[in-house]
Amino acid sequence: MNIFEEVMHRLSSKTRMRGLFRDVHIEDLERIVSRLQDVLEEKREAVSAEKEKLQEKKNSIDAIRKLMEERGVSLEDFGQTLPGEKKKRNIKRFLFEYQDSDGSVHQWEGSLTGRAPKIFQDYLQRSGKERSDCIIESR
């Protein structure tokens, strides 16, 4: 258990806190509590500032959205897709063909990327050719 987890474990229970501060003087304990209150107040201010920032951003987005609706402009006009719409992948497909050393012809349909059949991979390694060298037809 790291030190942070240990401290959180000790401070999460009143009984464990009593044991932790059993031998601490009252003045020291008051100083610790005062510092903890200062840290708590700083944290509250930081959270409040973050909420304000998010609210301002939301207000700006709403104002822009309203202005776009008034002017009849959409995200598609900017070349953007709407949230939730997936872009379609445009992968070209080809018909590949090669001839084995024994004269048999092998064909395979696929793209220039991705996995190829094992016998096709072996052929490319043996011959030193690229996939594009074996294209016979674009699909």
# chains A, B, ... in the order shown; residues from 1 in each chain; ligands from 1

call {"tool": "select_by_dssp", "arguments": {"residues": "chain A", "states": "alpha helix (DSSP H)", "output": "JSON, numbers by chain"}}
result
{"A": [3, 4, 5, 6, 7, 8, 9, 10, 11, 14, 15, 16, 17, 18, 19, 20, 26, 27, 28, 29, 30, 31, 32, 33, 34, 35, 36, 37, 38, 39, 40, 41, 42, 43, 44, 45, 46, 47, 48, 49, 50, 51, 52, 53, 54, 55, 56, 57, 58, 59, 60, 61, 62, 63, 64, 65, 66, 67, 68, 69, 70, 71, 118, 119, 120, 121, 122, 123, 124, 125, 126, 127]}

call {"tool": "residues_around", "arguments": {"residues": "stretch 88-103 of chain A", "least_positions_apart": "3", "cutoff": "9 Å", "atoms": "only C-alpha atoms", "output": "PyMOL selection string"}}
result
chain A and resi 106-113+120+123+131-139

call {"tool": "atom_distance", "arguments": {"atom1": "atom CA of A:Asn2", "atom2": "atom CA of A:Leu20"}}
result
17.0 Å

call {"tool": "select_by_dssp", "arguments": {"residues": "chain A", "states": "strand (DSSP E or B)", "output": "NGL selection string"}}
result
:A and (94-99 or 105-110 or 135-138)

call {"tool": "write_last_selection", "arguments": {"atoms": "N, CA and C atoms", "output": "mmCIF file, in the first residue's frame"}}
result
data_model
loop_
_atom_site.group_PDB
_atom_site.id
_atom_site.type_symbol
_atom_site.label_atom_id
_atom_site.label_comp_id
_atom_site.auth_asym_id
_atom_site.auth_seq_id
_atom_site.Cartn_x
_atom_site.Cartn_y
_atom_site.Cartn_z
ATOM 1 N N PHE A 94 -8.821 -4.776 -54.583
ATOM 2 C CA PHE A 94 -8.178 -5.215 -55.808
ATOM 3 C C PHE A 94 -8.248 -6.732 -55.917
ATOM 4 N N LEU A 95 -8.062 -7.209 -57.121
ATOM 5 C CA LEU A 95 -7.917 -8.645 -57.364
ATOM 6 C C LEU A 95 -6.436 -8.874 -57.640
ATOM 7 N N PHE A 96 -5.827 -9.685 -56.785
ATOM 8 C CA PHE A 96 -4.412 -10.003 -56.918
ATOM 9 C C PHE A 96 -4.278 -11.392 -57.525
ATOM 10 N N GLU A 97 -3.206 -11.585 -58.264
ATOM 11 C CA GLU A 97 -2.967 -12.894 -58.856
ATOM 12 C C GLU A 97 -1.468 -13.124 -58.956
ATOM 13 N N TYR A 98 -1.065 -14.381 -58.703
ATOM 14 C CA TYR A 98 0.327 -14.759 -58.934
ATOM 15 C C TYR A 98 0.370 -16.214 -59.349
ATOM 16 N N GLN A 99 1.473 -16.542 -59.988
ATOM 17 C CA GLN A 99 1.643 -17.905 -60.486
ATOM 18 C C GLN A 99 2.764 -18.558 -59.694
ATOM 19 N N VAL A 105 -2.101 -21.040 -60.670
ATOM 20 C CA VAL A 105 -2.440 -19.620 -60.510
ATOM 21 C C VAL A 105 -3.277 -19.458 -59.248
ATOM 22 N N HIS A 106 -2.896 -18.471 -58.434
ATOM 23 C CA HIS A 106 -3.628 -18.169 -57.194
ATOM 24 C C HIS A 106 -4.169 -16.755 -57.293
ATOM 25 N N GLN A 107 -5.440 -16.583 -56.931
ATOM 26 C CA GLN A 107 -6.053 -15.266 -56.920
ATOM 27 C C GLN A 107 -6.559 -14.959 -55.511
ATOM 28 N N TRP A 108 -6.551 -13.675 -55.219
ATOM 29 C CA TRP A 108 -7.008 -13.226 -53.911
ATOM 30 C C TRP A 108 -7.556 -11.822 -54.054
ATOM 31 N N GLU A 109 -8.713 -11.549 -53.413
ATOM 32 C CA GLU A 109 -9.294 -10.218 -53.429
ATOM 33 C C GLU A 109 -9.068 -9.574 -52.072
ATOM 34 N N GLY A 110 -8.573 -8.349 -52.094
ATOM 35 C CA GLY A 110 -8.308 -7.638 -50.848
ATOM 36 C C GLY A 110 -7.830 -6.235 -51.124
ATOM 37 N N ILE A 135 -1.433 -6.827 -58.823
ATOM 38 C CA ILE A 135 -2.799 -6.390 -59.075
ATOM 39 C C ILE A 135 -3.142 -6.667 -60.542
ATOM 40 N N ILE A 136 -4.309 -7.318 -60.727
ATOM 41 C CA ILE A 136 -4.763 -7.537 -62.108
ATOM 42 C C ILE A 136 -6.062 -6.790 -62.387
ATOM 43 N N GLU A 137 -6.768 -6.375 -61.312
ATOM 44 C CA GLU A 137 -8.044 -5.695 -61.514
ATOM 45 C C GLU A 137 -8.389 -4.881 -60.262
ATOM 46 N N SER A 138 -8.952 -3.683 -60.484
ATOM 47 C CA SER A 138 -9.419 -2.844 -59.386
ATOM 48 C C SER A 138 -10.906 -3.086 -59.200
#

call {"tool": "closest_residue", "arguments": {"among": "A:Gly72, A:Leu11, A:Glu6, A:Lys129", "to": "A:Leu36", "atoms": "only C-alpha atoms"}}
result
A:Leu11

call {"tool": "atom_distance", "arguments": {"atom1": "atom CA of A:Met17", "atom2": "atom CA of A:Leu29"}}
result
11.2 Å

call {"tool": "atom_distance", "arguments": {"atom1": "atom CA of A:Lys43", "atom2": "atom CA of A:Glu5"}}
result
19.3 Å
